[in-house]
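Engineer: So here's query13.txt (compact mmCIF, C-alpha atoms).
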```txt
# COMPACT_ATOMS: atom_id res chain seq x y z
CA MET A 17 0.00 0.00 0.00
CA VAL A 18 2.79 2.40 1.01
CA GLN A 19 4.84 1.35 -2.01
CA ASN A 20 1.93 2.04 -4.35
CA LYS A 21 1.51 5.48 -2.80
CA LYS A 22 5.19 6.26 -3.31
CA GLU A 23 5.03 5.08 -6.91
CA SER A 24 2.01 7.30 -7.47
CA GLU A 25 3.85 10.31 -6.04
CA VAL A 26 6.84 9.61 -8.28
CA ASP A 27 4.55 9.34 -11.30
CA GLN A 28 2.93 12.64 -10.45
CA ARG A 29 6.32 14.34 -10.10
CA ILE A 30 7.52 12.98 -13.42
CA TYR A 31 4.24 14.05 -15.02
CA GLY A 32 4.60 17.55 -13.54
CA TYR A 33 8.22 17.90 -14.65
CA THR A 34 7.32 16.73 -18.17
CA ARG A 35 4.45 19.19 -18.46
CA THR A 36 6.64 22.03 -17.15
CA ALA A 37 9.41 21.20 -19.62
CA SER A 38 6.87 21.06 -22.46
CA ALA A 39 5.43 24.46 -21.55
CA LEU A 40 8.90 26.02 -21.28
CA LEU A 41 9.80 24.51 -24.65
CA THR A 42 6.70 26.11 -26.18
CA HIS A 43 7.63 29.51 -24.71
CA CYS A 44 11.10 29.20 -26.25
CA ILE A 45 9.76 28.03 -29.61
CA CYS A 46 7.26 30.87 -30.00
CA VAL A 47 9.91 33.48 -29.16
CA VAL A 48 12.73 32.01 -31.27
CA PHE A 49 10.46 31.30 -34.25
CA THR A 50 8.97 34.80 -34.18
CA VAL A 51 12.42 36.39 -34.01
CA PHE A 52 13.64 34.13 -36.82
CA ILE A 53 10.77 35.10 -39.15
CA SER A 54 11.23 38.76 -38.23
CA ILE A 55 14.90 38.60 -39.25
CA LEU A 56 14.01 36.89 -42.52
CA SER A 57 11.17 39.24 -43.42
CA ARG A 58 13.00 42.43 -42.38
CA PRO A 59 9.81 44.42 -41.68
CA GLY A 60 9.84 47.83 -43.26
CA THR A 61 11.96 46.93 -46.28
CA SER A 62 8.80 46.40 -48.36
CA LEU A 63 5.04 46.32 -47.96
CA PHE A 64 5.04 42.53 -48.19
CA SER A 65 7.63 42.24 -45.42
CA TRP A 66 5.01 43.27 -42.86
CA HIS A 67 2.77 40.30 -43.73
CA PRO A 68 4.92 37.43 -42.39
CA PHE A 69 6.04 39.62 -39.50
CA PHE A 70 2.54 40.51 -38.29
CA MET A 71 1.07 37.05 -38.91
CA THR A 72 3.87 35.27 -37.08
CA LEU A 73 3.61 37.75 -34.23
CA ALA A 74 -0.14 37.15 -34.10
CA PHE A 75 -0.40 33.36 -34.24
CA SER A 76 3.00 32.06 -33.21
CA PHE A 77 3.59 34.50 -30.36
CA PHE A 78 0.51 36.31 -29.00
CA MET A 79 -1.99 33.47 -29.45
CA THR A 80 0.40 30.86 -28.09
CA GLU A 81 1.25 32.97 -25.05
CA ALA A 82 -2.43 33.77 -24.52
CA ILE A 83 -3.21 30.05 -24.18
CA LEU A 84 -0.13 29.34 -22.05
CA VAL A 85 -1.41 31.89 -19.55
CA PHE A 86 -3.73 29.14 -18.29
CA SER A 87 -1.06 26.44 -18.21
CA PRO A 88 -0.90 25.02 -14.66
CA HIS A 89 2.75 24.09 -15.17
CA GLY A 90 4.22 26.70 -17.49
CA SER A 91 2.31 29.94 -16.97
CA PRO A 92 4.53 32.83 -15.82
CA ILE A 93 1.55 34.16 -13.85
CA LYS A 94 0.12 30.89 -12.50
CA SER A 95 -0.02 32.30 -8.96
CA LEU A 96 -2.46 35.05 -9.98
CA PRO A 97 -6.26 34.65 -9.67
CA HIS A 98 -8.07 33.08 -12.61
CA LYS A 99 -9.95 36.32 -13.31
CA VAL A 100 -6.67 38.21 -13.75
CA LYS A 101 -5.39 35.48 -16.05
CA GLY A 102 -8.57 35.84 -18.07
CA ARG A 103 -7.98 39.57 -18.52
CA ILE A 104 -4.38 39.04 -19.59
CA HIS A 105 -5.54 36.31 -21.98
CA TRP A 106 -8.05 38.77 -23.43
CA VAL A 107 -5.37 41.47 -23.91
CA LEU A 108 -3.01 39.04 -25.65
CA GLN A 109 -5.81 37.82 -27.91
CA CYS A 110 -6.70 41.40 -28.81
CA LEU A 111 -3.07 41.98 -29.76
CA CYS A 112 -3.21 38.78 -31.81
CA ALA A 113 -6.32 39.94 -33.65
CA ALA A 114 -4.86 43.40 -34.27
CA CYS A 115 -1.63 41.98 -35.71
CA ALA A 116 -3.59 39.51 -37.85
CA VAL A 117 -5.73 42.31 -39.30
CA LEU A 118 -2.60 44.34 -40.08
CA GLY A 119 -0.99 41.28 -41.68
CA LEU A 120 -4.05 40.69 -43.84
CA ALA A 121 -4.27 44.36 -44.82
CA THR A 122 -0.63 44.53 -45.90
CA ILE A 123 -0.79 41.45 -48.14
CA PHE A 124 -4.12 42.60 -49.59
CA PHE A 125 -2.77 46.03 -50.54
CA ASN A 126 0.51 44.56 -51.72
CA LYS A 127 -1.30 42.26 -54.17
CA HIS A 128 -3.60 45.11 -55.20
CA LEU A 129 -0.64 47.37 -56.00
CA ASN A 130 1.08 44.61 -57.98
CA GLY A 131 -2.07 43.65 -59.89
CA LYS A 132 -2.15 40.10 -58.51
CA HIS A 133 -5.26 38.03 -57.79
CA HIS A 134 -6.35 37.52 -54.19
CA PHE A 135 -6.86 34.21 -52.36
CA THR A 136 -5.50 31.90 -55.03
CA SER A 137 -3.50 29.52 -52.80
CA TRP A 138 -4.36 27.14 -49.97
CA HIS A 139 -2.31 29.33 -47.64
CA SER A 140 -4.37 32.42 -48.42
CA LEU A 141 -7.72 30.60 -48.37
CA LEU A 142 -7.04 28.91 -45.04
CA GLY A 143 -5.65 32.18 -43.73
CA LEU A 144 -8.89 33.95 -44.61
CA LEU A 145 -10.90 31.19 -42.92
CA THR A 146 -8.69 31.48 -39.85
CA MET A 147 -9.24 35.24 -39.72
CA CYS A 148 -13.01 34.74 -39.82
CA VAL A 149 -12.82 32.14 -37.05
CA VAL A 150 -10.66 34.47 -34.94
CA GLY A 151 -13.34 37.14 -35.26
CA LEU A 152 -16.12 34.74 -34.25
CA GLN A 153 -14.03 33.39 -31.38
CA SER A 154 -13.44 36.91 -30.10
CA LEU A 155 -17.18 37.65 -30.14
CA ALA A 156 -17.95 34.32 -28.46
CA ALA A 157 -15.60 35.26 -25.62
CA LEU A 158 -17.71 38.25 -24.57
CA PRO A 159 -20.20 36.18 -22.50
CA LEU A 160 -17.28 34.84 -20.45
CA MET A 161 -16.33 38.38 -19.51
CA TYR A 162 -19.87 39.70 -19.19
CA ASN A 163 -22.01 36.87 -17.80
CA SER A 164 -25.14 39.01 -17.90
CA LEU A 165 -25.20 38.57 -21.69
CA VAL A 166 -26.11 34.90 -21.34
CA LYS A 167 -28.22 34.55 -18.22
CA GLY A 168 -29.24 30.98 -17.51
CA TRP A 169 -26.21 29.43 -19.25
CA SER A 170 -23.69 27.35 -17.37
CA LEU A 171 -20.39 29.24 -17.09
CA ALA A 172 -18.49 25.94 -16.96
CA LYS A 173 -20.04 24.83 -20.27
CA LEU A 174 -19.30 28.18 -21.89
CA LYS A 175 -15.66 27.89 -20.84
CA ARG A 176 -15.47 24.39 -22.28
CA TYR A 177 -17.03 25.49 -25.58
CA HIS A 178 -14.69 28.48 -25.74
CA ALA A 179 -11.63 26.33 -25.03
CA THR A 180 -12.64 23.79 -27.68
CA SER A 181 -13.32 26.38 -30.37
CA GLY A 182 -10.17 28.23 -29.32
CA LEU A 183 -8.12 25.09 -29.84
CA VAL A 184 -9.62 24.67 -33.32
CA THR A 185 -8.74 28.31 -34.05
CA TYR A 186 -5.17 27.80 -32.87
CA LEU A 187 -4.75 24.65 -34.97
CA LEU A 188 -6.07 26.50 -38.02
CA GLY A 189 -3.49 29.20 -37.37
CA CYS A 190 -0.70 26.63 -37.07
CA VAL A 191 -1.68 24.93 -40.33
CA THR A 192 -1.80 28.32 -42.06
CA VAL A 193 1.70 29.09 -40.76
CA LEU A 194 2.86 25.68 -42.02
CA LEU A 195 1.50 26.42 -45.48
CA GLY A 196 3.28 29.77 -45.34
CA LEU A 197 6.55 27.91 -44.72
CA CYS A 198 5.92 26.09 -48.01
CA SER A 199 5.50 29.35 -49.94
CA ALA A 200 7.89 30.47 -52.65
CA TRP A 201 9.00 33.39 -50.46
CA PHE A 202 10.08 31.23 -47.54
CA THR A 203 11.58 28.34 -49.53
CA SER A 204 13.67 30.82 -51.53
CA LEU A 205 15.26 32.02 -48.29
CA VAL A 206 15.41 28.84 -46.24
CA GLY A 207 16.26 25.28 -47.19
CA GLY A 208 17.74 22.04 -45.88
CA TYR A 209 17.71 21.32 -42.17
CA THR A 210 16.71 24.88 -41.31
CA TRP A 211 13.45 24.46 -43.21
CA TYR A 212 12.64 21.23 -41.39
CA LEU A 213 13.42 22.82 -38.03
CA SER A 214 11.17 25.73 -38.96
CA VAL A 215 8.33 23.34 -39.79
CA LEU A 216 8.77 21.59 -36.45
CA CYS A 217 8.14 24.83 -34.55
CA PRO A 218 4.37 25.19 -35.25
CA VAL A 219 3.92 21.39 -35.18
CA VAL A 220 5.47 20.96 -31.73
CA SER A 221 3.65 24.04 -30.38
CA ALA A 222 0.32 22.74 -31.70
CA LEU A 223 0.81 19.32 -30.09
CA ILE A 224 1.74 20.78 -26.69
CA ILE A 225 -1.09 23.32 -26.71
CA MET A 226 -3.55 20.61 -27.77
CA ASN A 227 -2.41 18.45 -24.87
CA GLN A 228 -2.78 21.35 -22.44
CA VAL A 229 -6.33 22.20 -23.50
CA THR A 230 -7.59 18.61 -23.68
CA SER A 231 -6.01 17.77 -20.31
CA ALA A 232 -7.68 20.78 -18.70
CA TYR A 233 -11.20 20.06 -19.96
CA VAL A 234 -11.37 16.31 -20.33
CA ALA A 235 -11.96 14.54 -17.05
CA LYS A 236 -9.00 12.30 -16.25
CA LYS A 237 -7.96 10.45 -13.16
CA GLN A 238 -4.58 9.19 -14.20
CA PHE A 239 -3.13 8.85 -10.78
CA GLN A 240 -6.11 7.61 -8.87
CA SER A 241 -6.21 3.85 -8.73
```
If you took the structure in this file and wrote it as structure tokens, what would it be?

Structural biologist:
Amino acid sequence: MVQNKKESEVDQRIYGYTRTASALLTHCICVVFTVFISILSRPGTSLFSWHPFFMTLAFSFFMTEAILVFSPHGSPIKSLPHKVKGRIHWVLQCLCAACAVLGLATIFFNKHLNGKHHFTSWHSLLGLLTMCVVGLQSLAALPLMYNSLVKGWSLAKLKRYHATSGLVTYLLGCVTVLLGLCSAWFTSLVGGYTWYLSVLCPVVSALIIMNQVTSAYVAKKQFQS
């Protein structure tokens, strides 16, 4: 009995260390990847250069950090009340939406000035869909901040729906970023092992974030036996 209890405690420690390491890895990835794309795009050198800069800042940095705010193992503000975390999450998501709108505007005007057709690739089409979903997700978050808007609804269910749709939004963003890494612009600048490492960044981040969200909202009793 005592031995089983000790084994359970060891398992919980290993689990906690693993989750902490995963969250820290995601923090590092989103910062390094954003800086890397910023160096490649050199924002300000052309109108197009702002597109990869703003979009990477939006989805790879702000949205990732907004979700990690609620990480029980890797949040830099995990000691703060949940309400404060919610406000910080909201601010980061607003910054994400603002950067995404700027990124969309720059590529739209850049194509307009160069006489090119809009939304002709999978990257652009999925990007447009992601932008629409981000807008809907932002509107759907209002009842969580202002509960009077949805009287009679369960707050716990609303949080679960928001987390689920938020995860879908994040995965859409990651896939859009992946498609961007396959674009002629990126492949002309990056190749070989660097390209594969770049691709791993959104993939690894998506897997860790997906694990965080599903673990938080799917009932599990891994260590109770």

Engineer: Mind checking which residues fall within 8 Å of region 67-75 of chain A, counting all atoms listed in the file, ignoring those fewer than 5 positions away in the same chain, and posting them as JSON, numbers by chain?

Structural biologist: {"A": [50, 53, 54, 57, 59, 80, 111, 112, 113, 114, 115, 116, 118, 119, 120, 122, 123, 186, 189, 190, 193]}

Engineer: Can you pull out every residue within 12 Å of Ala172 (chain A), counting all atoms listed in the file, but drop anything in the same chain fewer than 3 positions away, and send it as a PyMOL selection string?

Structural biologist: chain A and resi 159-160+163+168-169+175-179+233

Engineer: Compile the contact shell of region 204-209 of chain A as a list of chain:residue names: residues with an atom at most 12 Å away, counting all atoms listed in the file, same-chain residues fewer than 3 positions apart removed.

Structural biologist: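 Once the nearby chain positions are removed, what remains is A:Phe52, A:Ile53, A:Ile55, A:Leu56, A:Ser57, A:Leu197, A:Cys198, A:Ser199, A:Ala200, A:Trp201, A:Tyr212, A:Leu213, A:Ser214, A:Val215, A:Leu216.
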
Engineer: Just to confirm, what's the straight-line distance from CA of Gln228 (chain A) to CA of Val48 (chain A) in Å (one decimal)?

Structural biologist: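 Distance between the two atoms: 20.8 Å.
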
Engineer: May I have a table of the residues of region 146-226 of chain A lying at most 12 Å from region 88-104 of chain A, giving each one's closest pair of atoms and their distance in Å to one decimal, counting only C-alpha atoms, ordered by chain and ascending residue number, as CSV?

Structural biologist:
```
residue,atom,partner,partner_atom,distance
A:Ala157,CA,A:Gly102,CA,10.3
A:Leu158,CA,A:Gly102,CA,11.5
A:Leu160,CA,A:Gly102,CA,9.1
A:Met161,CA,A:Gly102,CA,8.3
A:Tyr162,CA,A:Arg103,CA,11.9
A:Lys175,CA,A:Gly102,CA,11.0
A:Ile224,CA,A:Gly90,CA,11.2
A:Ile225,CA,A:Gly90,CA,11.2
```

Engineer: Which one of A:Thr34, A:Gly131, A:Thr230, A:Ser65 sits closest to Phe202 (chain A) if you count all atoms listed in the file?

Structural biologist: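 Nearest to Phe202 (chain A): A:Ser65.
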
Engineer: Have a look at A:Trp211, A:Phe64, A:Tyr33, A:Phe78 and name the one nearest to Cys110 (chain A); count all atoms listed in the file.

Structural biologist: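 Closest candidate: A:Phe78.
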
Engineer: Identify which of the residues A:Ser76, A:Thr192, A:Thr210, A:Ser221 lies closest to Thr146 (chain A), counting only C-alpha atoms when measuring atom-to-atom distances.

Structural biologist: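 Using only C-alpha atoms, Thr146 (chain A) sits closest to A:Thr192.
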
Engineer: What is the distance between CA of Val191 (chain A) and CA of Leu142 (chain A), in Å to one decimal?

Structural biologist: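 We find that CA of Val191 (chain A) and CA of Leu142 (chain A) lie 8.2 Å from each other.
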
Engineer: Report, in Å with one decimal, the straight-line distance from CA of Val107 (chain A) to CA of Val47 (chain A).

Structural biologist: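 It comes out at 18.0 Å.
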
Engineer: My list of candidates is A:Ser140, A:Ser62, A:Leu174, A:Gly196. Which is closest to Asn126 (chain A) when distances are computed with all atoms listed in the file?

Structural biologist: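 Answer, going by the shortest atom-to-atom distance: A:Ser62.
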
Engineer: Taking all atoms of region 220-231 of chain A that appear in the file, build a box with edges along x, y and z, extend it by 3 Å on every side, and state its centre and edge lengths in Å to one decimal, as lines of an AutoDock Vina configuration file.

Structural biologist:
```
center_x = -1.1
center_y = 20.9
center_z = -26.0
size_x = 19.1
size_y = 12.3
size_z = 17.4
```

Engineer: In terms of the shortest atom-to-atom distance over all atoms listed in the file, which of A:Phe86, A:Leu194, A:Phe125, A:Lys167 is closest to His139 (chain A)?

Structural biologist: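 Counting all atoms listed in the file, the residue closest to His139 (chain A) is A:Leu194.
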
Engineer: With distances taken over all atoms listed in the file, which of A:Tyr31, A:Trp66, A:Phe135, A:Phe77 is nearest to Val117 (chain A)?

Structural biologist: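 When distances to Val117 (chain A) are compared using all atoms listed in the file, the smallest one comes from A:Trp66.
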